[in-house]
Amino acid sequence: MFGPWLPTPISMTDTPRPALAYRLTPGKGPPVLFLPGYASDMEGTKALALEAWAKAAGRTFVRFDYAGCGSSAGAFEEQTLTGWRDDALEILDLFGEPVVLVGSSMGGWIALMIARDHPEKVAALVGIAAAADFTDWGFSMDEKMTLLQDGRIERPSPYSDQPTVFTSRFWQSGEASRMTAAAIPIFCPVRLIHGLGDRDVPAERTMHLIGMIKSADIQATLIKDGDHRLSRDSDIALLIRTIESL
């Protein structure tokens, strides 16, 4: 059976989060959960390609929308990084066994937080241009000051006609969740994939993560002509091979 397209209320905390929309492909484990990037949703190329693979391979797979994104309830500008982490944790509650987390960009940061704080829920982790701590290195000082003074900024988006909005609420949540200044106690298998042509998340961030994550089973794949999205057929094929190897 497939999970509903419409928002489905699932709550693990005393403060209910907005109802989440998700799509479940049933199969055998370990289940795979895709975590989208900032301002993205479950209709992206990678999420849909992984769903098609899961159906063909008989693997359990879930794609979902964070609160305020896609088909999920909630207002986008009211969301925070930790709130979206909690959304992922609610989706994880659908499973009775550890999962393979596949996080793209900001989704990689959320996957890292979950693997660190809830190791019993995670069988392995795949980060695609994992953007851990991007509220620190991804904003100029002028942007940070504007966020504090005005509460929001807008940036032109290379992926949409609409600008990308960042709020002080989200930025402050990210700053309080920074994790790469010291060793990261993650011990599951970790695979990091990064394009050297990525203009949003420098490949050096992946190299830094390799040094910080404690797991002895960690590998990085650098794609010389790869961009931030890594959504070409060859990139998707590499991602699927990586997941299958875990």
# chains A, B, ... in the order shown; residues from 1 in each chain; ligands from 1
call {"tool": "residues_around", "arguments": {"residues": "A:Pro36", "least_positions_apart": "2", "cutoff": "12 Å", "atoms": "only C-alpha atoms", "output": "count of residues only"}}
result
42
call {"tool": "residues_around", "arguments": {"residues": "A:Pro30", "least_positions_apart": "2", "cutoff": "10 Å", "atoms": "only C-alpha atoms", "output": "VMD selection string"}}
result
chain A and resid 27 to 28 32 to 33 59 to 61 95 97 to 100 122 to 124 246
call {"tool": "select_by_dssp", "arguments": {"residues": "stretch 130-191 of chain A", "states": "strand (DSSP E)", "output": "list in words"}}
result
Arg152, Ile153, Glu154, Arg155, Thr164, Val165, Phe166, Thr167, Val190 and Arg191 of chain A
call {"tool": "write_last_selection", "arguments": {"atoms": "N, CA and C atoms", "output": "mmCIF file, in the first residue's frame"}}
result
data_model
loop_
_atom_site.group_PDB
_atom_site.id
_atom_site.type_symbol
_atom_site.label_atom_id
_atom_site.label_comp_id
_atom_site.auth_asym_id
_atom_site.auth_seq_id
_atom_site.Cartn_x
_atom_site.Cartn_y
_atom_site.Cartn_z
ATOM 1 N N ARG A 152 14.247 38.351 7.965
ATOM 2 C CA ARG A 152 14.236 37.504 6.786
ATOM 3 C C ARG A 152 15.126 38.111 5.704
ATOM 4 N N ILE A 153 15.559 37.268 4.782
ATOM 5 C CA ILE A 153 16.244 37.717 3.578
ATOM 6 C C ILE A 153 15.698 36.911 2.411
ATOM 7 N N GLU A 154 15.887 37.439 1.211
ATOM 8 C CA GLU A 154 15.548 36.729 -0.011
ATOM 9 C C GLU A 154 16.783 36.646 -0.892
ATOM 10 N N ARG A 155 16.962 35.488 -1.526
ATOM 11 C CA ARG A 155 18.053 35.296 -2.485
ATOM 12 C C ARG A 155 17.464 34.838 -3.812
ATOM 13 N N THR A 164 14.508 32.450 -2.952
ATOM 14 C CA THR A 164 14.578 31.585 -1.777
ATOM 15 C C THR A 164 14.568 32.459 -0.535
ATOM 16 N N VAL A 165 13.668 32.156 0.390
ATOM 17 C CA VAL A 165 13.511 32.949 1.606
ATOM 18 C C VAL A 165 14.162 32.223 2.778
ATOM 19 N N PHE A 166 14.919 32.977 3.558
ATOM 20 C CA PHE A 166 15.463 32.481 4.823
ATOM 21 C C PHE A 166 14.980 33.407 5.927
ATOM 22 N N THR A 167 14.600 32.849 7.051
ATOM 23 C CA THR A 167 14.111 33.644 8.166
ATOM 24 C C THR A 167 15.089 33.597 9.333
ATOM 25 N N VAL A 190 28.834 5.459 6.684
ATOM 26 C CA VAL A 190 28.518 6.772 6.125
ATOM 27 C C VAL A 190 29.104 6.857 4.722
ATOM 28 N N ARG A 191 28.284 7.299 3.777
ATOM 29 C CA ARG A 191 28.740 7.523 2.406
ATOM 30 C C ARG A 191 28.397 8.962 2.016
#
call {"tool": "atom_distance", "arguments": {"atom1": "atom CA of A:Phe187", "atom2": "atom CA of A:Thr242"}}
result
17.7 Å
call {"tool": "residues_around", "arguments": {"residues": "A:Gly226", "least_positions_apart": "3", "cutoff": "6 Å", "atoms": "only C-alpha atoms", "output": "MDAnalysis selection string"}}
result
chainID A and resid 195:197 223
call {"tool": "atom_distance", "arguments": {"atom1": "atom CA of A:Ile243", "atom2": "atom CA of A:Ile218"}}
result
13.3 Å
call {"tool": "residues_around", "arguments": {"residues": "A:Ser215", "least_positions_apart": "5", "cutoff": "10 Å", "atoms": "only C-alpha atoms", "output": "PDB file with N, CA and C atoms, in the first residue's frame"}}
result
ATOM      1  N   ILE A 184      32.206  14.142  15.756  1.00  0.00           N
ATOM      2  CA  ILE A 184      30.778  13.815  15.690  1.00  0.00           C
ATOM      3  C   ILE A 184      30.602  12.329  15.984  1.00  0.00           C
ATOM      4  N   PRO A 185      29.938  11.981  17.090  1.00  0.00           N
ATOM      5  CA  PRO A 185      29.815  10.568  17.474  1.00  0.00           C
ATOM      6  C   PRO A 185      28.779   9.816  16.646  1.00  0.00           C
ATOM      7  N   ILE A 186      29.106   9.607  15.395  1.00  0.00           N
ATOM      8  CA  ILE A 186      28.309   8.770  14.495  1.00  0.00           C
ATOM      9  C   ILE A 186      29.165   7.561  14.144  1.00  0.00           C
ATOM     10  N   PHE A 187      28.616   6.360  14.303  1.00  0.00           N
ATOM     11  CA  PHE A 187      29.418   5.152  14.137  1.00  0.00           C
ATOM     12  C   PHE A 187      28.871   4.201  13.077  1.00  0.00           C
ATOM     13  N   CYS A 188      27.749   4.547  12.468  1.00  0.00           N
ATOM     14  CA  CYS A 188      27.194   3.699  11.406  1.00  0.00           C
ATOM     15  C   CYS A 188      27.969   3.931  10.108  1.00  0.00           C
ATOM     16  N   PRO A 189      27.775   3.073   9.105  1.00  0.00           N
ATOM     17  CA  PRO A 189      28.388   3.338   7.795  1.00  0.00           C
ATOM     18  C   PRO A 189      27.907   4.667   7.221  1.00  0.00           C
ATOM     19  N   VAL A 190      28.834   5.459   6.684  1.00  0.00           N
ATOM     20  CA  VAL A 190      28.518   6.772   6.125  1.00  0.00           C
ATOM     21  C   VAL A 190      29.104   6.857   4.722  1.00  0.00           C
ATOM     22  N   ILE A 210      34.446  14.210   6.859  1.00  0.00           N
ATOM     23  CA  ILE A 210      35.201  12.956   6.971  1.00  0.00           C
ATOM     24  C   ILE A 210      36.105  12.985   8.194  1.00  0.00           C
TER      25      ILE A 210
END
call {"tool": "residues_around", "arguments": {"residues": "A:Thr180", "least_positions_apart": "4", "cutoff": "12 Å", "atoms": "only C-alpha atoms", "output": "list in words"}}
result
Trp109, Leu112, Met113, Arg116, Ala130, Ala131, Ala132, Asp133, Phe134, Asp136, Trp137, Glu175, Ile184, Pro185, Ile186, Arg205, Thr206, Met207, His208, Leu209, Ile210, Gly211, Met212, Ile213 and Lys214 of chain A
call {"tool": "atom_distance", "arguments": {"atom1": "atom CA of A:Ala237", "atom2": "atom CA of A:Asp198"}}
result
18.5 Å
call {"tool": "residues_around", "arguments": {"residues": "A:Gln172", "least_positions_apart": "3", "cutoff": "9 Å", "atoms": "only C-alpha atoms", "output": "number ranges by chain"}}
result
A: 80-81, 135, 148, 167-169, 175-177
call {"tool": "write_last_selection", "arguments": {"atoms": "C-alpha atoms", "output": "mmCIF file, in the first residue's frame"}}
result
data_model
loop_
_atom_site.group_PDB
_atom_site.id
_atom_site.type_symbol
_atom_site.label_atom_id
_atom_site.label_comp_id
_atom_site.auth_asym_id
_atom_site.auth_seq_id
_atom_site.Cartn_x
_atom_site.Cartn_y
_atom_site.Cartn_z
ATOM 1 C CA THR A 80 13.001 25.847 11.743
ATOM 2 C CA LEU A 81 15.821 23.398 11.181
ATOM 3 C CA THR A 135 23.788 28.731 8.592
ATOM 4 C CA LEU A 148 18.732 39.664 12.901
ATOM 5 C CA THR A 167 14.111 33.644 8.166
ATOM 6 C CA SER A 168 15.833 34.574 11.402
ATOM 7 C CA ARG A 169 13.793 31.801 13.040
ATOM 8 C CA GLU A 175 23.186 28.243 14.583
ATOM 9 C CA ALA A 176 22.062 26.502 17.776
ATOM 10 C CA SER A 177 22.432 23.122 16.027
#
call {"tool": "select_by_dssp", "arguments": {"residues": "stretch 21-176 of chain A", "states": "helix (DSSP H, G or I)", "output": "PyMOL selection string"}}
result
chain A and resi 45-57+76-78+81-92+106-117+119-121+134-137+141-150+168-175
call {"tool": "write_last_selection", "arguments": {"atoms": "C-alpha atoms", "output": "tab-separated table (two decimals), in the first residue's frame"}}
result
chain	number	residue	atom	x	y	z
A	45	THR	CA	14.24	14.19	-9.35
A	46	LYS	CA	16.23	12.20	-6.79
A	47	ALA	CA	13.21	11.36	-4.63
A	48	LEU	CA	11.19	10.13	-7.60
A	49	ALA	CA	14.11	8.18	-9.05
A	50	LEU	CA	14.69	6.44	-5.72
A	51	GLU	CA	11.01	5.56	-5.51
A	52	ALA	CA	11.15	3.98	-8.98
A	53	TRP	CA	14.24	2.02	-7.96
A	54	ALA	CA	12.59	0.88	-4.73
A	55	LYS	CA	9.52	-0.39	-6.57
A	56	ALA	CA	11.68	-2.34	-9.01
A	57	ALA	CA	13.99	-3.70	-6.30
A	76	PHE	CA	7.07	27.79	5.32
A	77	GLU	CA	8.38	30.91	7.06
A	78	GLU	CA	7.35	29.58	10.47
A	81	LEU	CA	15.82	23.40	11.18
A	82	THR	CA	15.03	21.51	14.39
A	83	GLY	CA	11.35	21.46	13.49
A	84	TRP	CA	12.17	19.80	10.17
A	85	ARG	CA	14.44	17.38	12.04
A	86	ASP	CA	11.44	16.51	14.22
A	87	ASP	CA	9.37	15.95	11.08
A	88	ALA	CA	11.95	13.40	9.90
A	89	LEU	CA	11.83	11.71	13.30
A	90	GLU	CA	8.05	11.43	13.05
A	91	ILE	CA	8.37	9.75	9.67
A	92	LEU	CA	10.99	7.40	11.14
A	106	MET	CA	20.20	20.44	4.25
A	107	GLY	CA	18.67	16.97	4.41
A	108	GLY	CA	22.21	15.69	4.91
A	109	TRP	CA	22.57	17.94	7.95
A	110	ILE	CA	19.31	16.59	9.37
A	111	ALA	CA	20.42	13.01	8.65
A	112	LEU	CA	23.67	13.64	10.53
A	113	MET	CA	21.81	15.02	13.55
A	114	ILE	CA	19.52	12.01	13.65
A	115	ALA	CA	22.38	9.51	13.26
A	116	ARG	CA	24.24	11.23	16.09
A	117	ASP	CA	21.31	11.55	18.49
A	119	PRO	CA	21.81	5.78	16.49
A	120	GLU	CA	19.32	2.98	17.16
A	121	LYS	CA	17.15	4.32	14.32
A	134	PHE	CA	25.40	25.99	6.49
A	135	THR	CA	23.79	28.73	8.59
A	136	ASP	CA	27.34	29.51	9.68
A	137	TRP	CA	29.47	29.32	6.52
A	141	MET	CA	28.01	38.85	7.65
A	142	ASP	CA	25.70	41.36	5.96
A	143	GLU	CA	23.07	38.65	5.48
A	144	LYS	CA	23.35	37.59	9.11
A	145	MET	CA	22.88	41.18	10.26
A	146	THR	CA	19.85	41.58	7.99
A	147	LEU	CA	18.35	38.37	9.36
A	148	LEU	CA	18.73	39.66	12.90
A	149	GLN	CA	17.42	43.14	12.10
A	150	ASP	CA	14.68	42.43	9.55
A	168	SER	CA	15.83	34.57	11.40
A	169	ARG	CA	13.79	31.80	13.04
A	170	PHE	CA	15.37	29.19	10.77
A	171	TRP	CA	18.85	30.76	10.91
A	172	GLN	CA	18.93	30.91	14.71
A	173	SER	CA	17.76	27.29	14.93
A	174	GLY	CA	20.60	26.29	12.62
A	175	GLU	CA	23.19	28.24	14.58
